[in-house]
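Trainee: Sending over query_31.txt (compact mmCIF, C-alpha atoms and all ligand atoms).
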```txt
# COMPACT_ATOMS: atom_id res chain seq x y z
CA MET A 125 -33.13 4.44 11.18
CA ASN A 126 -34.77 7.71 12.20
CA THR A 127 -34.38 9.95 9.14
CA THR A 128 -34.58 13.28 10.95
CA ARG A 129 -32.01 12.22 13.51
CA ASN A 130 -29.90 10.82 10.68
CA ASP A 131 -30.06 14.07 8.75
CA SER A 132 -28.98 16.16 11.70
CA ARG A 133 -26.12 13.76 12.53
CA LEU A 134 -24.96 13.93 8.93
CA ALA A 135 -25.20 17.72 8.98
CA ASP A 136 -22.99 17.71 12.11
CA ILE A 137 -20.40 15.60 10.33
CA VAL A 138 -20.50 17.80 7.24
CA ARG A 139 -19.97 20.84 9.46
CA LYS A 140 -16.92 19.17 11.03
CA LEU A 141 -15.55 18.36 7.57
CA ASP A 142 -16.06 21.97 6.46
CA ASP A 143 -14.37 23.28 9.62
CA ARG A 144 -11.55 20.74 9.25
CA THR A 145 -12.44 19.26 12.65
CA PRO A 146 -11.29 15.63 12.93
CA LEU A 147 -14.15 13.13 13.10
CA SER A 148 -14.59 11.05 16.26
CA LEU A 149 -14.66 7.27 16.63
CA GLU A 150 -18.46 7.46 16.95
CA ASP A 151 -18.67 9.52 13.73
CA GLY A 152 -16.59 6.95 11.85
CA VAL A 153 -18.67 4.00 13.05
CA TRP A 154 -21.89 5.89 12.33
CA LEU A 155 -20.70 6.62 8.78
CA TYR A 156 -19.90 2.93 8.27
CA HIS A 157 -23.57 2.20 9.07
CA TYR A 158 -24.97 5.05 6.99
CA PRO A 159 -27.42 3.34 4.65
CA ASP A 160 -26.87 5.45 1.53
CA VAL A 161 -23.46 4.32 0.26
CA CYS A 162 -23.60 6.76 -2.66
CA ALA A 163 -24.13 9.72 -0.31
CA LEU A 164 -21.20 8.48 1.79
CA GLY A 165 -19.08 8.18 -1.35
CA SER A 166 -20.07 11.64 -2.46
CA LEU A 167 -18.96 13.11 0.86
CA ALA A 168 -15.61 11.34 0.62
CA ASN A 169 -15.31 12.43 -2.99
CA GLN A 170 -15.72 16.07 -1.99
CA VAL A 171 -12.78 15.75 0.40
CA ARG A 172 -10.78 13.90 -2.26
CA GLU A 173 -11.45 16.59 -4.84
CA ARG A 174 -10.69 19.36 -2.37
CA LEU A 175 -7.26 17.77 -1.88
CA HIS A 176 -6.45 16.47 -5.35
CA GLY A 177 -8.98 17.76 -7.88
CA ASP A 178 -9.55 15.04 -10.47
CA ARG A 179 -5.98 13.68 -10.38
CA THR A 180 -5.35 9.97 -9.88
CA TYR A 181 -1.74 9.05 -9.24
CA PHE A 182 0.12 5.97 -10.42
CA ASN A 183 3.74 4.93 -10.66
CA ILE A 184 5.99 2.57 -12.58
CA ASN A 185 7.16 0.05 -10.05
CA PHE A 186 7.74 -3.62 -9.40
CA HIS A 187 7.80 -5.86 -6.36
CA ILE A 188 10.52 -8.10 -5.01
CA ASN A 189 9.57 -10.61 -2.34
CA ALA A 190 13.05 -12.03 -1.80
CA THR A 191 12.01 -14.76 0.62
CA ASN A 192 8.72 -16.19 1.82
CA VAL A 193 10.33 -18.04 4.71
CA CYS A 194 8.81 -16.55 7.84
CA HIS A 195 8.84 -17.49 11.51
CA ALA A 196 5.58 -15.62 12.20
CA ASP A 197 2.30 -17.47 12.00
CA CYS A 198 -0.15 -14.86 10.67
CA LYS A 199 -3.48 -16.55 10.15
CA PHE A 200 -4.41 -14.46 7.09
CA CYS A 201 -1.15 -15.06 5.22
CA SER A 202 -0.99 -17.41 2.22
CA PHE A 203 2.51 -16.38 1.19
CA ALA A 204 4.70 -17.46 4.13
CA ARG A 205 6.39 -20.83 4.61
CA LEU A 206 7.88 -21.71 7.99
CA GLU A 207 11.25 -23.07 6.80
CA ASP A 208 13.50 -23.23 3.78
CA GLY A 209 13.02 -26.61 2.11
CA MET A 210 9.24 -26.72 2.64
CA PRO A 211 7.10 -26.94 -0.53
CA GLN A 212 6.98 -23.56 -2.26
CA ALA A 213 9.48 -22.00 0.20
CA TYR A 214 12.14 -19.90 -1.49
CA THR A 215 14.92 -17.49 -0.69
CA MET A 216 16.57 -15.54 -3.50
CA SER A 217 20.33 -15.13 -3.72
CA LEU A 218 21.67 -11.60 -4.13
CA GLU A 219 22.44 -12.47 -7.75
CA GLN A 220 18.80 -13.45 -8.31
CA ILE A 221 17.68 -10.19 -6.70
CA ARG A 222 19.99 -8.21 -8.98
CA GLY A 223 18.65 -10.25 -11.90
CA LYS A 224 15.16 -8.83 -11.30
CA LEU A 225 16.53 -5.44 -12.23
CA VAL A 226 18.83 -6.66 -14.98
CA GLU A 227 15.88 -8.31 -16.76
CA ARG A 228 14.09 -4.93 -16.67
CA ARG A 229 16.95 -2.93 -18.15
CA GLY A 230 15.46 -0.25 -20.37
CA GLN A 231 12.19 -0.06 -18.46
CA PRO A 232 11.41 3.30 -16.89
CA VAL A 233 10.85 1.84 -13.42
CA THR A 234 11.11 4.44 -10.66
CA GLU A 235 10.41 2.29 -7.59
CA ILE A 236 11.03 -1.20 -6.24
CA HIS A 237 8.71 -2.34 -3.45
CA ILE A 238 10.49 -4.95 -1.30
CA VAL A 239 8.69 -7.01 1.35
CA ASN A 240 9.89 -10.33 2.73
CA GLY A 241 8.97 -12.98 5.24
CA LEU A 242 10.66 -12.81 8.66
CA HIS A 243 13.43 -15.26 7.81
CA PRO A 244 14.86 -16.81 10.99
CA THR A 245 18.50 -17.24 9.94
CA LEU A 246 19.55 -14.85 7.18
CA PRO A 247 22.39 -12.51 8.23
CA TRP A 248 21.83 -8.76 8.61
CA GLU A 249 24.18 -8.15 5.66
CA TYR A 250 21.68 -9.88 3.35
CA TYR A 251 19.15 -7.09 3.83
CA LEU A 252 21.76 -4.35 3.46
CA ASP A 253 23.29 -6.05 0.41
CA THR A 254 19.86 -6.41 -1.19
CA LEU A 255 19.59 -2.62 -1.22
CA ARG A 256 23.24 -2.17 -2.24
CA VAL A 257 23.10 -4.48 -5.26
CA LEU A 258 19.92 -2.83 -6.53
CA LYS A 259 21.34 0.66 -6.05
CA ALA A 260 24.60 -0.37 -7.77
CA GLU A 261 22.59 -1.53 -10.79
CA ARG A 262 20.19 1.47 -10.88
CA PRO A 263 21.23 4.34 -8.57
CA ASP A 264 18.25 6.43 -9.67
CA ILE A 265 15.63 3.95 -8.48
CA HIS A 266 13.73 4.51 -5.20
CA LEU A 267 13.79 1.55 -2.81
CA LYS A 268 10.62 1.35 -0.72
CA ALA A 269 11.63 -1.56 1.41
CA TYR A 270 10.87 -3.59 4.55
CA THR A 271 7.70 -3.14 6.59
CA ALA A 272 7.73 -1.91 10.19
CA VAL A 273 7.23 -5.54 11.22
CA GLU A 274 10.47 -6.47 9.45
CA ILE A 275 12.29 -3.48 10.94
CA HIS A 276 11.13 -4.58 14.41
CA ASP A 277 12.31 -8.12 13.69
CA PHE A 278 15.74 -6.85 12.53
CA ALA A 279 16.05 -4.82 15.74
CA VAL A 280 15.33 -7.87 17.89
CA ARG A 281 17.36 -10.36 15.87
CA TYR A 282 20.45 -8.24 15.23
CA ASP A 283 20.36 -6.42 18.59
CA ARG A 284 19.95 -2.87 17.37
CA SER A 285 17.57 0.01 18.08
CA TYR A 286 14.97 0.92 15.45
CA GLU A 287 17.03 4.03 14.77
CA GLN A 288 20.23 2.06 14.20
CA VAL A 289 18.46 -0.39 11.89
CA LEU A 290 16.94 2.43 9.86
CA ARG A 291 20.17 4.43 9.66
CA GLU A 292 22.11 1.42 8.36
CA LEU A 293 19.41 0.68 5.80
CA VAL A 294 19.35 4.31 4.64
CA ASP A 295 23.14 4.21 4.22
CA ALA A 296 22.67 1.10 2.05
CA GLY A 297 20.04 2.79 -0.16
CA LEU A 298 16.65 2.68 1.59
CA GLY A 299 14.34 5.47 0.38
CA SER A 300 11.11 4.92 2.32
CA LEU A 301 9.06 2.28 4.16
CA PRO A 302 6.00 0.53 2.73
CA GLY A 303 2.90 0.43 4.88
CA GLY A 304 2.47 -3.32 5.37
CA GLY A 305 2.22 -5.28 8.59
CA ALA A 306 -0.17 -2.87 10.35
CA GLU A 307 -3.17 -5.25 10.07
CA ILE A 308 -5.49 -3.97 12.86
CA PHE A 309 -3.81 -2.37 15.85
CA ALA A 310 -6.31 -3.58 18.48
CA GLU A 311 -4.66 -6.15 20.73
CA ARG A 312 -7.76 -8.37 20.70
CA VAL A 313 -7.48 -8.78 16.93
CA ARG A 314 -3.69 -9.15 16.84
CA LYS A 315 -3.95 -11.98 19.38
CA LYS A 316 -6.24 -13.82 17.00
CA ILE A 317 -4.60 -13.17 13.63
CA CYS A 318 -0.93 -12.27 14.17
CA ARG A 319 0.06 -12.93 17.75
CA ASP A 320 3.80 -13.47 17.23
CA LYS A 321 4.96 -10.35 15.45
CA ALA A 322 5.32 -6.64 16.28
CA THR A 323 2.46 -5.18 18.32
CA GLY A 324 0.43 -2.21 17.10
CA GLU A 325 2.45 0.10 19.37
CA GLN A 326 5.73 -1.28 18.04
CA TRP A 327 4.54 -0.84 14.44
CA LEU A 328 3.67 2.79 15.18
CA ASP A 329 6.96 3.33 16.99
CA VAL A 330 8.98 2.14 13.98
CA HIS A 331 7.13 4.64 11.78
CA ARG A 332 7.55 7.37 14.40
CA THR A 333 11.30 6.72 14.37
CA ALA A 334 11.42 6.64 10.56
CA HIS A 335 9.58 9.97 10.36
CA ARG A 336 11.95 11.50 12.90
CA LEU A 337 14.85 10.46 10.66
CA GLY A 338 13.20 12.21 7.72
CA LEU A 339 11.86 9.11 5.95
CA ARG A 340 8.42 9.10 4.37
CA THR A 341 6.30 6.03 4.95
CA ASN A 342 2.94 4.53 4.01
CA CYS A 343 0.34 2.92 6.23
CA THR A 344 -2.20 0.15 5.73
CA MET A 345 -5.14 -1.58 7.37
CA LEU A 346 -6.04 -5.21 6.69
CA TYR A 347 -9.83 -5.40 7.00
CA GLY A 348 -12.39 -8.16 6.71
CA THR A 349 -11.04 -10.79 9.14
CA VAL A 350 -12.23 -10.81 12.77
CA GLU A 351 -12.23 -7.11 13.59
CA THR A 352 -15.26 -4.96 14.45
CA LEU A 353 -16.06 -1.68 12.72
CA GLU A 354 -15.03 0.11 15.94
CA GLU A 355 -11.62 -1.56 15.70
CA ARG A 356 -11.23 -0.41 12.09
CA VAL A 357 -12.04 3.19 12.99
CA ASP A 358 -9.82 3.00 16.08
CA HIS A 359 -6.99 1.84 13.77
CA MET A 360 -7.53 4.88 11.54
CA ILE A 361 -7.54 7.21 14.55
CA ARG A 362 -4.24 5.79 15.83
CA LEU A 363 -2.70 6.49 12.41
CA ARG A 364 -4.17 9.99 12.38
CA SER A 365 -2.71 10.69 15.85
CA LEU A 366 0.77 9.65 14.78
CA GLN A 367 0.42 11.75 11.65
CA ALA A 368 -0.55 14.76 13.79
CA GLU A 369 2.71 14.21 15.68
CA THR A 370 5.09 13.63 12.74
CA GLY A 371 3.47 14.38 9.36
CA GLY A 372 5.47 11.52 7.82
CA PHE A 373 2.73 9.34 6.29
CA GLN A 374 2.07 9.82 2.60
CA THR A 375 -0.59 7.26 1.76
CA PHE A 376 -3.11 5.08 3.51
CA ILE A 377 -3.88 1.77 1.80
CA PRO A 378 -6.89 -0.25 2.99
CA LEU A 379 -6.18 -3.94 2.26
CA SER A 380 -9.22 -6.12 1.67
CA PHE A 381 -8.84 -9.63 3.10
CA HIS A 382 -8.29 -12.46 0.58
CA PRO A 383 -9.20 -15.86 2.06
CA ASP A 384 -7.62 -18.43 -0.30
CA GLY A 385 -4.85 -20.64 1.01
CA ASN A 386 -4.72 -19.40 4.59
CA ASP A 387 -6.03 -20.36 8.04
CA LEU A 388 -8.91 -17.88 7.80
CA GLY A 389 -10.09 -19.43 4.55
CA LYS A 390 -13.57 -20.09 5.95
CA LEU A 391 -14.29 -16.37 6.29
CA PRO A 392 -16.07 -14.71 3.40
CA PRO A 393 -14.05 -11.91 1.77
CA PRO A 394 -15.34 -8.34 2.21
CA THR A 395 -18.07 -7.44 -0.25
CA GLY A 396 -17.74 -4.66 -2.82
CA MET A 397 -19.92 -2.41 -0.65
CA ASP A 398 -17.68 -2.98 2.36
CA ASP A 399 -14.65 -2.11 0.22
CA LEU A 400 -16.23 1.15 -0.95
CA ARG A 401 -17.47 2.11 2.53
CA THR A 402 -14.00 1.50 3.92
CA TYR A 403 -12.43 3.78 1.31
CA ALA A 404 -14.98 6.50 1.97
CA VAL A 405 -14.73 6.30 5.77
CA ALA A 406 -10.92 6.29 5.55
CA ARG A 407 -10.92 9.45 3.41
CA LEU A 408 -13.24 11.15 5.90
CA MET A 409 -11.43 10.04 9.07
CA LEU A 410 -7.85 10.57 7.86
CA ASP A 411 -8.02 14.28 7.21
CA ASN A 412 -4.25 14.70 7.73
CA ILE A 413 -2.98 11.87 5.50
CA PRO A 414 -2.70 13.24 1.97
CA HIS A 415 -3.34 10.18 -0.19
CA ILE A 416 -5.62 7.13 -0.18
CA LYS A 417 -4.48 4.33 -2.44
CA ALA A 418 -6.78 1.81 -4.13
CA TYR A 419 -4.23 -0.97 -4.63
CA TRP A 420 -5.65 -2.56 -7.77
CA VAL A 421 -3.93 -5.93 -7.24
CA MET A 422 -5.89 -6.52 -4.08
CA LEU A 423 -9.09 -4.64 -4.82
CA GLY A 424 -9.57 -5.79 -8.40
CA LEU A 425 -9.45 -3.43 -11.35
CA LYS A 426 -13.13 -2.59 -11.33
CA THR A 427 -13.42 -1.72 -7.65
CA ALA A 428 -10.11 0.19 -7.83
CA GLN A 429 -11.67 2.32 -10.56
CA ILE A 430 -14.88 2.95 -8.62
CA ALA A 431 -12.86 3.72 -5.47
CA GLN A 432 -11.56 6.78 -7.34
CA SER A 433 -15.02 8.28 -6.67
CA PHE A 434 -15.13 7.04 -3.05
CA GLY A 435 -12.11 8.85 -1.65
CA ALA A 436 -9.12 7.22 -3.35
CA ASP A 437 -6.72 9.31 -5.45
CA ASP A 438 -4.04 6.70 -6.17
CA ILE A 439 -4.15 3.29 -7.83
CA ASP A 440 -0.55 2.08 -7.16
CA GLY A 441 1.55 1.13 -10.17
CA THR A 442 2.52 -1.44 -12.74
CA VAL A 443 3.45 -3.77 -9.81
CA GLN A 444 4.72 -6.85 -11.75
CA GLU A 445 5.37 -10.15 -9.96
CA GLU A 446 3.19 -9.56 -6.92
CA LYS A 447 3.11 -12.72 -4.78
CA ILE A 448 1.38 -11.99 -1.46
CA TYR A 449 -2.12 -11.50 -2.92
CA HIS A 450 -1.79 -13.89 -5.81
CA MET A 451 -0.98 -16.70 -3.37
CA ALA A 452 -4.13 -15.64 -1.45
CA GLY A 453 -6.38 -15.98 -4.48
CA ALA A 454 -6.24 -12.56 -6.16
CA GLU A 455 -7.54 -12.89 -9.71
CA THR A 456 -6.05 -9.63 -10.95
CA PRO A 457 -3.26 -9.73 -13.57
CA GLN A 458 0.37 -9.98 -12.43
CA ALA A 459 1.19 -6.62 -14.00
CA LEU A 460 -0.38 -3.71 -15.79
CA GLY A 461 1.26 -1.60 -18.47
CA ARG A 462 1.33 2.17 -18.29
CA VAL A 463 -1.22 2.41 -21.10
CA GLU A 464 -3.63 0.11 -19.28
CA LEU A 465 -3.28 2.13 -16.10
CA VAL A 466 -3.91 5.38 -17.94
CA ARG A 467 -6.95 3.86 -19.63
CA LEU A 468 -8.39 2.65 -16.31
CA ILE A 469 -7.88 6.08 -14.79
CA ARG A 470 -9.37 7.91 -17.77
CA GLU A 471 -12.41 5.70 -17.78
CA ALA A 472 -12.87 6.38 -14.08
CA GLY A 473 -13.26 10.00 -15.14
CA ARG A 474 -9.92 11.03 -13.67
CA HIS A 475 -6.77 12.70 -14.86
CA ALA A 476 -3.80 10.29 -14.79
CA VAL A 477 -0.62 11.59 -13.19
CA GLU A 478 2.54 9.53 -13.03
CA ARG A 479 4.37 10.16 -9.77
CA ASP A 480 7.55 8.95 -8.16
CA THR A 481 7.39 7.35 -4.72
CA LEU A 482 7.45 10.75 -2.98
CA TYR A 483 4.65 12.14 -5.17
CA ASN A 484 6.82 14.30 -7.38
CA VAL A 485 4.96 14.54 -10.70
CA LEU A 486 6.78 12.87 -13.61
CA TRP A 487 4.14 12.94 -16.32
CA GLU A 488 0.54 14.06 -16.81
CA ASP A 489 -2.00 12.66 -19.22
CA ASP A 490 -2.65 15.04 -22.09
CA GLY A 491 -5.50 13.03 -23.53
CA ALA A 492 -3.56 11.60 -26.52
CA PRO A 493 -5.44 8.63 -28.05
CA LEU A 494 -4.81 5.26 -26.45
CA ASP A 495 -7.29 3.16 -28.43
CA GLY A 496 -5.99 0.33 -30.42
CA ILE A 497 -2.94 -0.14 -28.24
CA ARG A 498 -2.83 -3.59 -26.66
CA VAL A 499 -0.13 -4.01 -24.11
CA ASP A 500 0.82 -7.52 -23.16
CA ALA A 501 0.79 -7.68 -19.36
CA SER A 502 4.16 -9.43 -19.37
CA VAL A 503 5.71 -6.64 -21.44
CA PRO A 504 4.58 -3.54 -19.64
CA TYR A 505 6.29 -1.00 -21.86
CA SER A 506 5.58 -1.90 -25.45
CA THR A 507 7.24 0.06 -28.21
CA ALA A 508 3.78 0.99 -29.43
CA ALA A 509 2.83 2.42 -26.07
CA ARG A 510 6.03 4.40 -25.91
CA ARG A 511 5.50 5.87 -29.36
CA ARG A 512 1.92 6.86 -28.69
CA LEU A 513 2.29 8.34 -25.24
CA PRO A 514 4.05 11.69 -25.18
CA ILE A 515 6.18 10.83 -22.19
CA ALA A 516 9.83 11.22 -21.46
CA VAL A 517 10.49 7.49 -21.54
CA ALA A 518 13.07 7.72 -24.29
CA GLU A 519 15.08 10.30 -22.37
CA GLN A 520 14.81 8.33 -19.13
CA ASP A 521 16.07 5.03 -20.38
CA GLY A 522 17.96 5.69 -23.59
CA GLY A 523 15.03 4.64 -25.71
CA ALA A 524 15.56 0.85 -25.61
CA ALA A 525 12.41 -1.07 -26.47
O1 LIG A 601 1.52 -6.70 5.36
C1 LIG A 601 -1.21 -10.33 3.61
C2 LIG A 601 -1.49 -7.82 3.85
C3 LIG A 601 0.34 -6.60 3.26
C4 LIG A 601 -3.22 -10.88 3.02
O2 LIG A 601 3.10 0.72 1.08
C5 LIG A 601 -3.16 -9.50 3.18
O3 LIG A 601 2.61 1.35 -0.95
C6 LIG A 601 -5.36 -9.33 2.57
O4 LIG A 601 1.46 -3.73 2.62
N1 LIG A 601 -5.49 -10.66 2.41
C7 LIG A 601 1.38 -6.45 2.15
N2 LIG A 601 -4.22 -8.72 2.94
C8 LIG A 601 0.92 -5.45 1.09
C9 LIG A 601 1.19 -4.04 1.47
C10 LIG A 601 1.18 -2.97 0.45
C11 LIG A 601 0.60 -3.20 -0.78
C12 LIG A 601 0.62 -2.19 -1.74
C13 LIG A 601 1.24 -0.98 -1.49
C14 LIG A 601 1.85 -0.77 -0.27
C15 LIG A 601 2.56 0.51 -0.02
C16 LIG A 601 1.82 -1.76 0.72
O5 LIG A 601 -0.76 -7.32 2.76
C17 LIG A 601 0.73 -7.39 4.46
C18 LIG A 601 -0.61 -7.71 5.07
O6 LIG A 601 -1.06 -6.64 5.82
N3 LIG A 601 -1.92 -9.20 3.55
N4 LIG A 601 -2.00 -11.39 3.28
C19 LIG A 601 -4.47 -11.48 2.64
N5 LIG A 601 -4.61 -12.81 2.53
```
Hey, can you dump this file as structure tokens for me?
Mentor:
Amino acid sequence: MNTTRNDSRLADIVRKLDDRTPLSLEDGVWLYHYPDVCALGSLANQVRERLHGDRTYFNINFHINATNVCHADCKFCSFARLEDGMPQAYTMSLEQIRGKLVERRGQPVTEIHIVNGLHPTLPWEYYLDTLRVLKAERPDIHLKAYTAVEIHDFAVRYDRSYEQVLRELVDAGLGSLPGGGAEIFAERVRKKICRDKATGEQWLDVHRTAHRLGLRTNCTMLYGTVETLEERVDHMIRLRSLQAETGGFQTFIPLSFHPDGNDLGKLPPPTGMDDLRTYAVARLMLDNIPHIKAYWVMLGLKTAQIAQSFGADDIDGTVQEEKIYHMAGAETPQALGRVELVRLIREAGRHAVERDTLYNVLWEDDGAPLDGIRVDASVPYSTAARRRLPIAVAEQDGGAA
């Protein structure tokens, strides 16, 4: 590369960032190729700190994947099974879904993240009742449920508009939409990796409708399969354009491809450098999306920590029972306790802030000692952790251990 030309191009980009001028597709691709990954990270970190100082957000959540039966044939997916009755296929009853909350009675969970396969035969009431039974058990909990791809599928299968689907779900207890299913918007890529589900335009239209109805949503990008860097940056720009229209996205979550157990298993997973570049470029391109989340389950704990200096300001939550990535070979634990999350964030040089789904602050780290506390991953809220952390857990849940 020509250093002088490089320097002046970088200076141009820095000027745009200072003036709050959105970066172009060419800028984004150029940054992806910029040889000095630390300089790229430092630029993204400046934007991150301008927006969030040294805060890193986390929440206390868990996942429910109520069924993995799915009529779509996404090549990157290790979780889906085509029909009930196939090996490893499952569909939970409403009682089993309620049981997921009952077994966590006394835990200060603030969010349930619900994502399912596109089941071909379940009735519409199943999805509404899922929300109703959870709300009946814990009215205070936020339900972040059903991706835009699922909402599109409901609209087609149950003959409703996106708006009708969303209104009925909100009446049943829906609080916001997760960001899944976006993959890469470019048609060329969707034809190769997820040809039989919602298109990029349909995904965006579901979110546009949700934002119009006052719902907050997240957005994602699955990277590391067959897309080009141009297609990644184009994906980011399409999200930025919708955000300019509606302002409804809260968080962008880059999702690093995991190859185990799926039809793209021959592809190598993205390297650590690609992960970090993607976080940095995302922070720089998406000037109007407030948060960038380093989802530790998918990224691994170590990269999720480093990403906090490459543009990310969120690390997701305790998670518990994640299936989509663990069936695709993720080696991260199934859950993290609050103390472990706070420790990871502290050691990344950041200030841990517990948030709810909508980024209201629930607790801030005051630096109380954490050493010596071991929290069993299967018991995320140990009595020891509760005693040592000056948090309002006891008030929230009646103090049960
Ligand atoms: O939609 C599936 C992706 C998504 C693989 O909104 C894969 O807060 C990589 O959307 N390798 C589900 N990616 C996860 C998701 C998510 C996660 C955390 C937080 C939020 C949020 C959303 O994972 C799917 C798909 O895009 N995915 N399989 C795989 N083998």
Trainee: Of the residues A:Thr349, A:Tyr419, A:Leu328, A:Ile377, which is the one nearest to Pro394 (chain A), using only C-alpha atoms?
Mentor: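 Going through A:Thr349, A:Tyr419, A:Leu328, A:Ile377 one by one, the smallest distance to Pro394 (chain A) is for A:Thr349.
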Trainee: Counting only C-alpha atoms, what is within 6 Å of region 175-184 of chain A, bar same-chain residues fewer than 2 positions away, as a list in words?
Mentor: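 Residues near the query, excluding close chain neighbours: Arg172, Glu173, Val233, Thr234, Asp437, Asp438, Ile439, Asp440, Gly441, Thr442, Arg474, His475, Ala476, Val477, Glu478 and Arg479 of chain A.
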Trainee: Which residues are close to region 352-369 of chain A, i.e. within 8 Å by only C-alpha atoms, leaving aside same-chain residues fewer than 5 positions away? Reply as a list in words.
Mentor: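 Surrounding residues, per the criterion: Leu149, Gly152, Val153, Tyr156, Ile308, Phe309, Ala310, Leu328, Arg332, Cys343, Met345, Tyr347, Ala406, Met409, Leu410, Asp411, Asn412 and Ile413 of chain A.
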Trainee: Chain A near ligand LIG 601 (chain A) within 6 Å: what's each residue's closest atom pair and its distance in Å to one decimal, counting all atoms listed in the file, ordered by chain then ascending residue number, as a Markdown table?
Mentor:
```
| residue | atom | partner | partner_atom | distance |
| --- | --- | --- | --- | --- |
| A:Phe200 | CA | A:LIG601 | N5 | 4.9 |
| A:Cys201 | CA | A:LIG601 | N4 | 4.2 |
| A:Ser202 | CA | A:LIG601 | N5 | 5.9 |
| A:Pro302 | CA | A:LIG601 | O2 | 3.3 |
| A:Gly303 | CA | A:LIG601 | O2 | 3.8 |
| A:Gly304 | CA | A:LIG601 | O4 | 3.0 |
| A:Gly305 | CA | A:LIG601 | O1 | 3.6 |
| A:Ala306 | CA | A:LIG601 | O6 | 6.0 |
| A:Glu307 | CA | A:LIG601 | O6 | 4.9 |
| A:Asn342 | CA | A:LIG601 | O2 | 4.8 |
| A:Leu346 | CA | A:LIG601 | O6 | 5.3 |
| A:Leu379 | CA | A:LIG601 | N2 | 5.2 |
| A:Ser380 | CA | A:LIG601 | C6 | 5.1 |
| A:Phe381 | CA | A:LIG601 | C6 | 3.5 |
| A:His382 | CA | A:LIG601 | N1 | 3.8 |
| A:Pro383 | CA | A:LIG601 | N5 | 5.5 |
| A:Tyr419 | CA | A:LIG601 | C12 | 5.8 |
| A:Ile448 | CA | A:LIG601 | N4 | 5.9 |
| A:Ala452 | CA | A:LIG601 | N5 | 4.9 |
```
Trainee: If you measure from CA of Leu298 (chain A) to CA of Ala272 (chain A), what distance in Å do you get, rounded to one decimal?
Mentor: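 Interatomic distance, CA of Leu298 (chain A) to CA of Ala272 (chain A): 13.2 Å.
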Trainee: List as a PyMOL selection string the residues having at least one atom at most 9 Å from position (4.4, 10.7, -3.7) as given in the file, counting only C-alpha atoms.
Mentor: chain A and resi 181+374-375+415+479-485
Trainee: Contacts of region 275-292 of chain A at 9 Å or less, counting all atoms listed in the file, minus same-chain residues fewer than 3 places along, as a PyMOL selection string?
Mentor: chain A and resi 242+244+247-248+252+270-272+295-298+321-322+326-327+329-330+333-334+337
Trainee: Name the residues in contact with Ala260 (chain A) at a cut-off of 12 Å, using only C-alpha atoms, excluding same-chain residues fewer than 6 positions from it; report them as JSON, numbers by chain.
Mentor: {"A": [222, 225, 226, 253, 254, 296, 297]}
Trainee: May I ask for the distance between CA of Gln220 (chain A) and CA of Leu258 (chain A), given in Å to one decimal place?
Mentor: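 Atom-to-atom, CA of Gln220 (chain A) and CA of Leu258 (chain A) are spaced 10.8 Å apart.
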Trainee: What is the CA of Met422 (chain A)-CA of Asp197 (chain A) distance in Å, reported with one decimal?
Mentor: 21.1 Å
Trainee: Can you pull out the residues contacting Ala163 (chain A)? Cut-off 12 Å, using only C-alpha atoms, and skip same-chain residues under 3 positions away; I want them as an mmCIF file with C-alpha atoms, keeping the file's coordinate frame.
Mentor:
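Done, and the output landed in selection.cif:
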```
data_model
loop_
_atom_site.group_PDB
_atom_site.id
_atom_site.type_symbol
_atom_site.label_atom_id
_atom_site.label_comp_id
_atom_site.auth_asym_id
_atom_site.auth_seq_id
_atom_site.Cartn_x
_atom_site.Cartn_y
_atom_site.Cartn_z
ATOM 1 C CA ASP A 131 -30.060 14.070 8.750
ATOM 2 C CA LEU A 134 -24.960 13.930 8.930
ATOM 3 C CA VAL A 138 -20.500 17.800 7.240
ATOM 4 C CA LEU A 155 -20.700 6.620 8.780
ATOM 5 C CA TYR A 156 -19.900 2.930 8.270
ATOM 6 C CA TYR A 158 -24.970 5.050 6.990
ATOM 7 C CA PRO A 159 -27.420 3.340 4.650
ATOM 8 C CA ASP A 160 -26.870 5.450 1.530
ATOM 9 C CA SER A 166 -20.070 11.640 -2.460
ATOM 10 C CA LEU A 167 -18.960 13.110 0.860
ATOM 11 C CA ALA A 168 -15.610 11.340 0.620
ATOM 12 C CA ASN A 169 -15.310 12.430 -2.990
ATOM 13 C CA GLN A 170 -15.720 16.070 -1.990
ATOM 14 C CA LEU A 400 -16.230 1.150 -0.950
ATOM 15 C CA ARG A 401 -17.470 2.110 2.530
ATOM 16 C CA ALA A 404 -14.980 6.500 1.970
ATOM 17 C CA VAL A 405 -14.730 6.300 5.770
ATOM 18 C CA SER A 433 -15.020 8.280 -6.670
ATOM 19 C CA PHE A 434 -15.130 7.040 -3.050
#
```
Trainee: My list of candidates is A:Leu141, A:Leu388, A:Ala196, A:Val161. Which is closest to Tyr403 (chain A) when distances are computed with all atoms listed in the file?
Mentor: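 The answer is A:Val161, which sits nearest to Tyr403 (chain A).
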Trainee: Around (-8.5, -19.8, -0.2), as given in the file, which residues come within 7 Å? Count all atoms listed in the file and list them as a PyMOL selection string.
Mentor: chain A and resi 383-386+389+452-453
Trainee: Counting all atoms listed in the file, figure out which residue out of A:His195, A:Lys316, A:Arg262, A:Lys447 gets nearest to Arg228 (chain A).
Mentor: A:Arg262
Trainee: As JSON, please: the centre and edge lengths in Å, to one decimal, of an axis-aligned box enclosing every listed atom of region 225-242 of chain A with 4 Å added on each side.
Mentor:
```
{"center_x": 13.8, "center_y": -4.3, "center_z": -5.9, "size_x": 18.1, "size_y": 25.4, "size_z": 37.0}
```
Trainee: When distances are computed from all atoms listed in the file, which of A:Lys390, A:Glu261, A:Lys417, A:Ile430 shows the smallest separation from Glu227 (chain A)?
Mentor: A:Glu261
